[in-house]
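Novice: I'd like to ask you about the structure that follows.
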Protein chains: 2
Amino acid sequence: MKNLTDRQTEILEFIQRTLRDSGVPPTRVDICAEFGFSSPNAAEGHLKAIAAKGYIELMRHSRGIRLLVEQDAPLTNQYELPLIGNIAAGQPIMAEENIEETVRIDPELFHPRADFLHRVSGHSMKEVGILDGDLVGIHYQPDADNGQIIAAAIYDRRSGREGITLKRYFRRGNKIRLESENSDPEYTTIEIDLVQQDEDSQEAAQFRIAGLYAGLIRRPR
Amino acid sequence: MKNLTDRQTEILEFIQRTLRDSGVPPTRVDICAEFGFSSPNAAEGHLKAIAAKGYIELMRHSRGIRLLVEQDAPLTNQYELPLIGNIAAGQPIMAEENIEETVRIDPELFHPRADFLHRVSGHSMKEVGILDGDLVGIHYQPDADNGQIIAAAIYDRRSGREGITLKRYFRRGNKIRLESENSDPEYTTIEIDLVQQDEDSQEAAQFRIAGLYAGLIRRPR
DNA sequence: TACAGTAGTGTATGAACATACAGTATCACT
DNA sequence: AGTGATACTGTATGTTCATACACTACTGTA
């Protein structure tokens, strides 16, 4: 969360004080009176800035100011999942280096239970309602059944990292097929031959199953 | 302290609920809307009676209602959201009767913060990746901007309940348009004339905004 | 029977409020 | 030298809000 300026902090504290003392948020005019402003627009500007930084929410009715910061310390709970972007070479998925963010969410919300989250990039799964930017819950599991949606970890030689992509998984013998859920022809099916991959690990697309798709969260904006 | 009448208790509870859910006390008009009064003076009378009995204090400015009784423990704790199906006649949204389930999730995960969840039924929002069975986070807010996705509470005369549906909201003057996000022709646009709705409440589709769409959770299976 | 309390409708009005637009000035950063 | 963020003044407007007045109707009670 972005830092407030000194003035904005003073104003936020005044809102907290007013709320605590009177039970009602202040109006723009109240703020002007407190700080000696002669224009309600001074207060309006500060409120918008504080709201833009995420400390309060402005509702459009009188005294519509809602605090989004708790006065007391937030609860610590164990319902957190790491958000994993791509994976550094040689590192386990959950290595701290790979964690972009920690999201407070109950792993049991998903089925099967999620071990980590991944932010979807692109529209390859559009047809099953998984969109760019969505956070998907992934259940760590190194194999999958035919037709299941998996998080595929695909090695990229240029970056030396593994990128995670959602794909629908099919295997017949040693041939693996990773399909997108988007009829647009640009979303091609990836085909991998396990024998080839083993024999010539420099050459073919290196691939493994990072886990099973177990649900998603969408946070607009 | 003198006892409150049943009606006065209901109103006091509504004030407590509004404060808890939105952080701001209700206006007289809010109370009228909640209880179906047609005159703000009905609310005013109740407030004066409740104040005279010492349960609240009235300050003479907008929303100047201060609770003088302990606010009982919140129904939902910080990291839980109620899952609301449809709404029993005359009940506030958050009434226990309407809660199907409680889901452990951080309301701040969504933007704007979610006040309750709703399970999507049908495919009317398929084109924006909202599918049947998804749980959507709803931010309690009685109005919306054009083009926003809202949870519309539409009264069903047969069941006597309000059903919640996601729609894209447009308003021009007194005409409201509720659009689906599915090009299939079976998903028609609902049009409502506010004037008609007021004049002939038996006839026209009764409708209100239950809140803003604020994100979703998908739990497969 | 009368009276006080409760529960409303209906109308009206002025003050309180949020908020938009048009400016000015300072400061840090590029 | 130019741009964006901050921190205001000043004015204006339309809506929201509290609240007063007048009136109906039901209920328990002294």
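By order of appearance in the structure tokens: chains A, B, ..., then residues from 1 within every chain, and ligands from 1 in the order shown.
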I need the chain C residues near chain B as an NGL selection string; criterion: at most 9 Å, counting only C-alpha atoms (C1' of nucleotides).
Specialist: :C and (6-10 or 16-17)
Novice: So that I can see what lies close to DC3 (chain C), please list as a list in words the residues with an atom at most 12 Å from it, counting only C-alpha atoms (C1' of nucleotides) and leaving out residues fewer than 2 positions away in the same chain.
Specialist: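 Non-adjacent residues within range: DT1 and DG5 of chain C; DT27, DG28, DT29 and DA30 of chain D.
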Novice: Determine, counting only C-alpha atoms (C1' of nucleotides), which protein, DNA and RNA residues have an atom within 12 Å of an atom of DT13 (chain D); residues of the same chain fewer than 4 positions away are not included. Present the result as number ranges by chain.
Specialist: C: 17-21
Novice: Please, which residues of chain D lie no more than 10 Å from chain A when the count uses only C-alpha atoms (C1' of nucleotides), and can they be set out as JSON, numbers by chain?
Specialist: {"D": [6, 7, 8, 9, 10, 11, 15, 16, 17]}
Novice: Mind checking DSSP for chain A and telling me the strand (DSSP E or B) residues as an mmCIF file with N, CA, C and O atoms, in the first residue's frame?
Specialist:
```
data_model
loop_
_atom_site.group_PDB
_atom_site.id
_atom_site.type_symbol
_atom_site.label_atom_id
_atom_site.label_comp_id
_atom_site.auth_asym_id
_atom_site.auth_seq_id
_atom_site.Cartn_x
_atom_site.Cartn_y
_atom_site.Cartn_z
ATOM 1 N N ILE A 56 -9.009 4.347 2.570
ATOM 2 C CA ILE A 56 -10.435 4.517 2.838
ATOM 3 C C ILE A 56 -11.201 4.214 1.565
ATOM 4 O O ILE A 56 -10.616 4.117 0.487
ATOM 5 N N GLU A 57 -12.502 4.076 1.735
ATOM 6 C CA GLU A 57 -13.366 3.931 0.577
ATOM 7 C C GLU A 57 -14.398 5.035 0.643
ATOM 8 O O GLU A 57 -14.957 5.292 1.702
ATOM 9 N N LEU A 58 -14.625 5.694 -0.464
ATOM 10 C CA LEU A 58 -15.627 6.753 -0.495
ATOM 11 C C LEU A 58 -16.905 6.215 -1.107
ATOM 12 O O LEU A 58 -16.895 5.686 -2.209
ATOM 13 N N ILE A 65 -17.679 7.677 4.253
ATOM 14 C CA ILE A 65 -16.257 7.340 4.350
ATOM 15 C C ILE A 65 -16.127 6.067 5.166
ATOM 16 O O ILE A 65 -16.616 5.995 6.287
ATOM 17 N N ARG A 66 -15.501 5.052 4.575
ATOM 18 C CA ARG A 66 -15.339 3.790 5.286
ATOM 19 C C ARG A 66 -13.845 3.509 5.412
ATOM 20 O O ARG A 66 -13.105 3.551 4.422
ATOM 21 N N LEU A 67 -13.426 3.215 6.621
ATOM 22 C CA LEU A 67 -12.019 2.909 6.855
ATOM 23 C C LEU A 67 -11.703 1.526 6.319
ATOM 24 O O LEU A 67 -12.432 0.578 6.559
ATOM 25 N N GLU A 80 -3.021 -18.886 4.249
ATOM 26 C CA GLU A 80 -2.329 -18.104 3.237
ATOM 27 C C GLU A 80 -1.770 -19.031 2.179
ATOM 28 O O GLU A 80 -1.328 -20.131 2.482
ATOM 29 N N LEU A 81 -1.791 -18.561 0.955
ATOM 30 C CA LEU A 81 -1.190 -19.333 -0.129
ATOM 31 C C LEU A 81 -0.195 -18.452 -0.868
ATOM 32 O O LEU A 81 -0.453 -17.270 -1.079
ATOM 33 N N PRO A 82 0.930 -19.037 -1.268
ATOM 34 C CA PRO A 82 1.892 -18.268 -2.062
ATOM 35 C C PRO A 82 1.423 -18.158 -3.502
ATOM 36 O O PRO A 82 0.789 -19.076 -4.030
ATOM 37 N N LEU A 83 1.708 -17.015 -4.095
ATOM 38 C CA LEU A 83 1.420 -16.818 -5.514
ATOM 39 C C LEU A 83 2.720 -17.031 -6.284
ATOM 40 O O LEU A 83 3.686 -16.301 -6.088
ATOM 41 N N ILE A 84 2.710 -18.034 -7.138
ATOM 42 C CA ILE A 84 3.927 -18.437 -7.840
ATOM 43 C C ILE A 84 3.882 -17.967 -9.279
ATOM 44 O O ILE A 84 2.906 -18.237 -9.994
ATOM 45 N N ILE A 87 9.413 -20.215 -12.308
ATOM 46 C CA ILE A 87 10.206 -20.956 -11.329
ATOM 47 C C ILE A 87 11.689 -20.880 -11.682
ATOM 48 O O ILE A 87 12.080 -21.186 -12.810
ATOM 49 N N ALA A 88 12.486 -20.470 -10.722
ATOM 50 C CA ALA A 88 13.925 -20.357 -10.972
ATOM 51 C C ALA A 88 14.540 -21.741 -11.162
ATOM 52 O O ALA A 88 14.089 -22.715 -10.553
ATOM 53 N N ILE A 99 8.085 -16.803 -4.940
ATOM 54 C CA ILE A 99 6.825 -16.278 -4.411
ATOM 55 C C ILE A 99 6.706 -14.791 -4.702
ATOM 56 O O ILE A 99 7.523 -13.994 -4.263
ATOM 57 N N GLU A 100 5.688 -14.456 -5.465
ATOM 58 C CA GLU A 100 5.480 -13.051 -5.818
ATOM 59 C C GLU A 100 4.723 -12.309 -4.734
ATOM 60 O O GLU A 100 4.892 -11.118 -4.534
ATOM 61 N N GLU A 101 3.868 -13.030 -4.086
ATOM 62 C CA GLU A 101 2.905 -12.380 -3.207
ATOM 63 C C GLU A 101 2.300 -13.477 -2.342
ATOM 64 O O GLU A 101 2.356 -14.650 -2.691
ATOM 65 N N THR A 102 1.737 -13.094 -1.220
ATOM 66 C CA THR A 102 1.021 -14.065 -0.403
ATOM 67 C C THR A 102 -0.428 -13.613 -0.295
ATOM 68 O O THR A 102 -0.697 -12.458 -0.012
ATOM 69 N N VAL A 103 -1.319 -14.526 -0.565
ATOM 70 C CA VAL A 103 -2.735 -14.175 -0.582
ATOM 71 C C VAL A 103 -3.429 -14.907 0.553
ATOM 72 O O VAL A 103 -3.240 -16.111 0.738
ATOM 73 N N ARG A 104 -4.225 -14.148 1.305
ATOM 74 C CA ARG A 104 -4.921 -14.762 2.419
ATOM 75 C C ARG A 104 -6.165 -15.481 1.915
ATOM 76 O O ARG A 104 -7.138 -14.855 1.503
ATOM 77 N N ILE A 105 -6.071 -16.774 1.909
ATOM 78 C CA ILE A 105 -7.201 -17.554 1.427
ATOM 79 C C ILE A 105 -7.100 -18.959 1.995
ATOM 80 O O ILE A 105 -5.999 -19.466 2.245
ATOM 81 N N PHE A 116 -0.742 -23.860 -3.942
ATOM 82 C CA PHE A 116 -0.268 -22.521 -4.283
ATOM 83 C C PHE A 116 -1.178 -21.925 -5.343
ATOM 84 O O PHE A 116 -2.067 -22.605 -5.874
ATOM 85 N N LEU A 117 -0.965 -20.650 -5.600
ATOM 86 C CA LEU A 117 -1.750 -19.949 -6.614
ATOM 87 C C LEU A 117 -0.853 -19.556 -7.769
ATOM 88 O O LEU A 117 0.363 -19.429 -7.614
ATOM 89 N N HIS A 118 -1.479 -19.354 -8.914
ATOM 90 C CA HIS A 118 -0.722 -18.883 -10.079
ATOM 91 C C HIS A 118 -1.573 -17.885 -10.845
ATOM 92 O O HIS A 118 -2.763 -18.094 -10.997
ATOM 93 N N ARG A 119 -0.949 -16.801 -11.310
ATOM 94 C CA ARG A 119 -1.704 -15.805 -12.060
ATOM 95 C C ARG A 119 -1.706 -16.164 -13.548
ATOM 96 O O ARG A 119 -0.649 -16.318 -14.158
ATOM 97 N N LEU A 135 -6.410 -15.621 -10.733
ATOM 98 C CA LEU A 135 -5.523 -16.434 -9.907
ATOM 99 C C LEU A 135 -6.115 -17.838 -9.820
ATOM 100 O O LEU A 135 -7.254 -18.003 -9.395
ATOM 101 N N VAL A 136 -5.323 -18.824 -10.237
ATOM 102 C CA VAL A 136 -5.838 -20.188 -10.154
ATOM 103 C C VAL A 136 -5.177 -20.916 -8.994
ATOM 104 O O VAL A 136 -3.990 -20.743 -8.726
ATOM 105 N N GLY A 137 -5.996 -21.696 -8.306
ATOM 106 C CA GLY A 137 -5.478 -22.536 -7.238
ATOM 107 C C GLY A 137 -4.943 -23.822 -7.839
ATOM 108 O O GLY A 137 -5.595 -24.442 -8.675
ATOM 109 N N ILE A 138 -3.730 -24.210 -7.431
ATOM 110 C CA ILE A 138 -3.110 -25.408 -7.978
ATOM 111 C C ILE A 138 -2.827 -26.399 -6.850
ATOM 112 O O ILE A 138 -2.266 -26.043 -5.819
ATOM 113 N N HIS A 139 -3.257 -27.621 -7.093
ATOM 114 C CA HIS A 139 -2.979 -28.713 -6.168
ATOM 115 C C HIS A 139 -1.721 -29.420 -6.640
ATOM 116 O O HIS A 139 -1.698 -29.977 -7.733
ATOM 117 N N TYR A 140 -0.702 -29.396 -5.808
ATOM 118 C CA TYR A 140 0.564 -29.969 -6.213
ATOM 119 C C TYR A 140 0.418 -31.476 -6.407
ATOM 120 O O TYR A 140 0.016 -32.195 -5.496
ATOM 121 N N ILE A 149 -7.367 -30.408 -16.325
ATOM 122 C CA ILE A 149 -6.617 -29.169 -16.549
ATOM 123 C C ILE A 149 -5.460 -29.148 -15.555
ATOM 124 O O ILE A 149 -5.651 -29.331 -14.352
ATOM 125 N N ILE A 150 -4.261 -28.939 -16.106
ATOM 126 C CA ILE A 150 -3.082 -28.958 -15.246
ATOM 127 C C ILE A 150 -2.311 -27.645 -15.358
ATOM 128 O O ILE A 150 -2.500 -26.860 -16.280
ATOM 129 N N ALA A 151 -1.455 -27.436 -14.367
ATOM 130 C CA ALA A 151 -0.460 -26.373 -14.465
ATOM 131 C C ALA A 151 0.792 -27.026 -15.025
ATOM 132 O O ALA A 151 1.433 -27.840 -14.358
ATOM 133 N N ALA A 152 1.099 -26.710 -16.270
ATOM 134 C CA ALA A 152 2.277 -27.279 -16.911
ATOM 135 C C ALA A 152 3.464 -26.354 -16.691
ATOM 136 O O ALA A 152 3.367 -25.154 -16.940
ATOM 137 N N ALA A 153 4.556 -26.933 -16.209
ATOM 138 C CA ALA A 153 5.785 -26.141 -16.036
ATOM 139 C C ALA A 153 6.680 -26.417 -17.236
ATOM 140 O O ALA A 153 7.148 -27.539 -17.407
ATOM 141 N N ILE A 154 6.852 -25.411 -18.046
ATOM 142 C CA ILE A 154 7.597 -25.598 -19.295
ATOM 143 C C ILE A 154 8.878 -24.770 -19.243
ATOM 144 O O ILE A 154 8.858 -23.580 -18.971
ATOM 145 N N TYR A 155 9.979 -25.460 -19.492
ATOM 146 C CA TYR A 155 11.296 -24.840 -19.376
ATOM 147 C C TYR A 155 11.560 -23.912 -20.549
ATOM 148 O O TYR A 155 11.334 -24.264 -21.707
ATOM 149 N N ASP A 156 12.017 -22.736 -20.220
ATOM 150 C CA ASP A 156 12.369 -21.778 -21.267
ATOM 151 C C ASP A 156 13.875 -21.569 -21.239
ATOM 152 O O ASP A 156 14.426 -21.061 -20.263
ATOM 153 N N ARG A 161 14.338 -20.332 -16.866
ATOM 154 C CA ARG A 161 13.306 -20.533 -15.855
ATOM 155 C C ARG A 161 12.189 -21.407 -16.426
ATOM 156 O O ARG A 161 12.090 -21.575 -17.637
ATOM 157 N N GLU A 162 11.367 -21.904 -15.522
ATOM 158 C CA GLU A 162 10.177 -22.624 -15.953
ATOM 159 C C GLU A 162 8.976 -21.685 -15.870
ATOM 160 O O GLU A 162 8.752 -21.051 -14.838
ATOM 161 N N GLY A 163 8.227 -21.628 -16.943
ATOM 162 C CA GLY A 163 6.997 -20.855 -16.922
ATOM 163 C C GLY A 163 5.815 -21.786 -16.708
ATOM 164 O O GLY A 163 5.804 -22.907 -17.209
ATOM 165 N N ILE A 164 4.826 -21.301 -15.969
ATOM 166 C CA ILE A 164 3.654 -22.131 -15.714
ATOM 167 C C ILE A 164 2.520 -21.728 -16.652
ATOM 168 O O ILE A 164 2.247 -20.548 -16.827
ATOM 169 N N THR A 165 1.891 -22.709 -17.260
ATOM 170 C CA THR A 165 0.776 -22.476 -18.173
ATOM 171 C C THR A 165 -0.318 -23.484 -17.889
ATOM 172 O O THR A 165 -0.028 -24.645 -17.629
ATOM 173 N N LEU A 166 -1.551 -23.038 -17.962
ATOM 174 C CA LEU A 166 -2.661 -23.979 -17.813
ATOM 175 C C LEU A 166 -2.939 -24.660 -19.151
ATOM 176 O O LEU A 166 -3.003 -24.002 -20.186
ATOM 177 N N LYS A 167 -3.097 -25.962 -19.105
ATOM 178 C CA LYS A 167 -3.383 -26.732 -20.319
ATOM 179 C C LYS A 167 -4.283 -27.908 -19.955
ATOM 180 O O LYS A 167 -4.266 -28.377 -18.823
ATOM 181 N N ARG A 168 -5.005 -28.375 -20.979
ATOM 182 C CA ARG A 168 -5.747 -29.612 -20.760
ATOM 183 C C ARG A 168 -4.852 -30.769 -21.174
ATOM 184 O O ARG A 168 -4.258 -30.754 -22.246
ATOM 185 N N TYR A 169 -4.743 -31.754 -20.310
ATOM 186 C CA TYR A 169 -3.720 -32.791 -20.417
ATOM 187 C C TYR A 169 -4.271 -34.097 -20.982
ATOM 188 O O TYR A 169 -5.324 -34.571 -20.528
ATOM 189 N N PHE A 170 -3.558 -34.637 -21.988
ATOM 190 C CA PHE A 170 -3.913 -35.964 -22.517
ATOM 191 C C PHE A 170 -2.635 -36.750 -22.720
ATOM 192 O O PHE A 170 -1.641 -36.190 -23.204
ATOM 193 N N ARG A 171 -2.668 -38.009 -22.385
ATOM 194 C CA ARG A 171 -1.484 -38.838 -22.623
ATOM 195 C C ARG A 171 -1.900 -40.163 -23.251
ATOM 196 O O ARG A 171 -2.868 -40.797 -22.815
ATOM 197 N N ARG A 172 -1.188 -40.524 -24.302
ATOM 198 C CA ARG A 172 -1.403 -41.852 -24.878
ATOM 199 C C ARG A 172 -0.021 -42.454 -25.071
ATOM 200 O O ARG A 172 0.760 -41.962 -25.884
ATOM 201 N N LYS A 175 3.224 -40.311 -25.749
ATOM 202 C CA LYS A 175 2.884 -39.032 -26.370
ATOM 203 C C LYS A 175 1.976 -38.232 -25.430
ATOM 204 O O LYS A 175 0.917 -38.727 -24.997
ATOM 205 N N ILE A 176 2.383 -37.018 -25.194
ATOM 206 C CA ILE A 176 1.556 -36.144 -24.363
ATOM 207 C C ILE A 176 1.035 -34.997 -25.215
ATOM 208 O O ILE A 176 1.762 -34.450 -26.049
ATOM 209 N N ARG A 177 -0.249 -34.655 -24.997
ATOM 210 C CA ARG A 177 -0.854 -33.553 -25.739
ATOM 211 C C ARG A 177 -1.339 -32.519 -24.739
ATOM 212 O O ARG A 177 -2.057 -32.857 -23.778
ATOM 213 N N LEU A 178 -0.945 -31.281 -24.949
ATOM 214 C CA LEU A 178 -1.402 -30.200 -24.072
ATOM 215 C C LEU A 178 -2.258 -29.248 -24.892
ATOM 216 O O LEU A 178 -1.761 -28.554 -25.773
ATOM 217 N N GLU A 179 -3.545 -29.220 -24.577
ATOM 218 C CA GLU A 179 -4.482 -28.431 -25.379
ATOM 219 C C GLU A 179 -4.904 -27.155 -24.677
ATOM 220 O O GLU A 179 -5.056 -27.126 -23.456
ATOM 221 N N ILE A 190 0.196 -28.332 -27.968
ATOM 222 C CA ILE A 190 1.592 -28.729 -27.806
ATOM 223 C C ILE A 190 1.647 -30.246 -27.730
ATOM 224 O O ILE A 190 0.850 -30.857 -27.018
ATOM 225 N N GLU A 191 2.600 -30.828 -28.491
ATOM 226 C CA GLU A 191 2.748 -32.286 -28.428
ATOM 227 C C GLU A 191 4.167 -32.626 -27.990
ATOM 228 O O GLU A 191 5.132 -32.040 -28.471
ATOM 229 N N ILE A 192 4.259 -33.530 -27.076
ATOM 230 C CA ILE A 192 5.562 -33.874 -26.509
ATOM 231 C C ILE A 192 5.735 -35.389 -26.518
ATOM 232 O O ILE A 192 4.803 -36.125 -26.174
ATOM 233 N N ASP A 193 6.916 -35.779 -26.939
ATOM 234 C CA ASP A 193 7.230 -37.213 -26.922
ATOM 235 C C ASP A 193 8.174 -37.480 -25.760
ATOM 236 O O ASP A 193 9.294 -36.979 -25.714
ATOM 237 N N PHE A 207 9.329 -30.412 -19.973
ATOM 238 C CA PHE A 207 7.988 -30.212 -19.426
ATOM 239 C C PHE A 207 7.753 -31.089 -18.203
ATOM 240 O O PHE A 207 8.248 -32.208 -18.124
ATOM 241 N N ARG A 208 7.029 -30.573 -17.252
ATOM 242 C CA ARG A 208 6.547 -31.425 -16.159
ATOM 243 C C ARG A 208 5.222 -30.877 -15.660
ATOM 244 O O ARG A 208 4.853 -29.721 -15.929
ATOM 245 N N ILE A 209 4.518 -31.713 -14.919
ATOM 246 C CA ILE A 209 3.244 -31.286 -14.351
ATOM 247 C C ILE A 209 3.521 -30.646 -12.997
ATOM 248 O O ILE A 209 4.083 -31.285 -12.112
ATOM 249 N N ALA A 210 3.168 -29.389 -12.873
ATOM 250 C CA ALA A 210 3.375 -28.717 -11.580
ATOM 251 C C ALA A 210 2.229 -29.019 -10.631
ATOM 252 O O ALA A 210 2.400 -29.011 -9.420
ATOM 253 N N GLY A 211 1.067 -29.263 -11.186
ATOM 254 C CA GLY A 211 -0.061 -29.555 -10.313
ATOM 255 C C GLY A 211 -1.375 -29.530 -11.072
ATOM 256 O O GLY A 211 -1.414 -29.276 -12.274
ATOM 257 N N LEU A 212 -2.448 -29.810 -10.342
ATOM 258 C CA LEU A 212 -3.783 -29.833 -10.911
ATOM 259 C C LEU A 212 -4.493 -28.514 -10.676
ATOM 260 O O LEU A 212 -4.426 -27.956 -9.584
ATOM 261 N N TYR A 213 -5.188 -28.077 -11.694
ATOM 262 C CA TYR A 213 -6.071 -26.923 -11.535
ATOM 263 C C TYR A 213 -7.162 -27.261 -10.519
ATOM 264 O O TYR A 213 -7.813 -28.297 -10.610
ATOM 265 N N ALA A 214 -7.345 -26.389 -9.552
ATOM 266 C CA ALA A 214 -8.295 -26.698 -8.476
ATOM 267 C C ALA A 214 -9.283 -25.584 -8.206
ATOM 268 O O ALA A 214 -9.986 -25.584 -7.201
ATOM 269 N N GLY A 215 -9.342 -24.601 -9.101
ATOM 270 C CA GLY A 215 -10.296 -23.516 -8.897
ATOM 271 C C GLY A 215 -9.646 -22.170 -9.119
ATOM 272 O O GLY A 215 -8.447 -22.099 -9.412
ATOM 273 N N LEU A 216 -10.435 -21.127 -9.036
ATOM 274 C CA LEU A 216 -9.842 -19.812 -9.304
ATOM 275 C C LEU A 216 -10.471 -18.701 -8.497
ATOM 276 O O LEU A 216 -11.566 -18.829 -7.969
ATOM 277 N N ILE A 217 -9.724 -17.613 -8.441
ATOM 278 C CA ILE A 217 -10.177 -16.375 -7.829
ATOM 279 C C ILE A 217 -9.992 -15.274 -8.854
ATOM 280 O O ILE A 217 -8.967 -15.233 -9.517
ATOM 281 N N ARG A 218 -10.987 -14.435 -8.972
ATOM 282 C CA ARG A 218 -10.826 -13.281 -9.861
ATOM 283 C C ARG A 218 -10.957 -12.012 -9.033
ATOM 284 O O ARG A 218 -11.926 -11.835 -8.317
#
```
Novice: From the set B:Pro142, B:Gly160, B:Gly173, B:Gly36, which residue has the shortest atom-to-atom contact distance to chain A, counting only C-alpha atoms?
Specialist: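 Closest to chain A of all the choices is B:Pro142.
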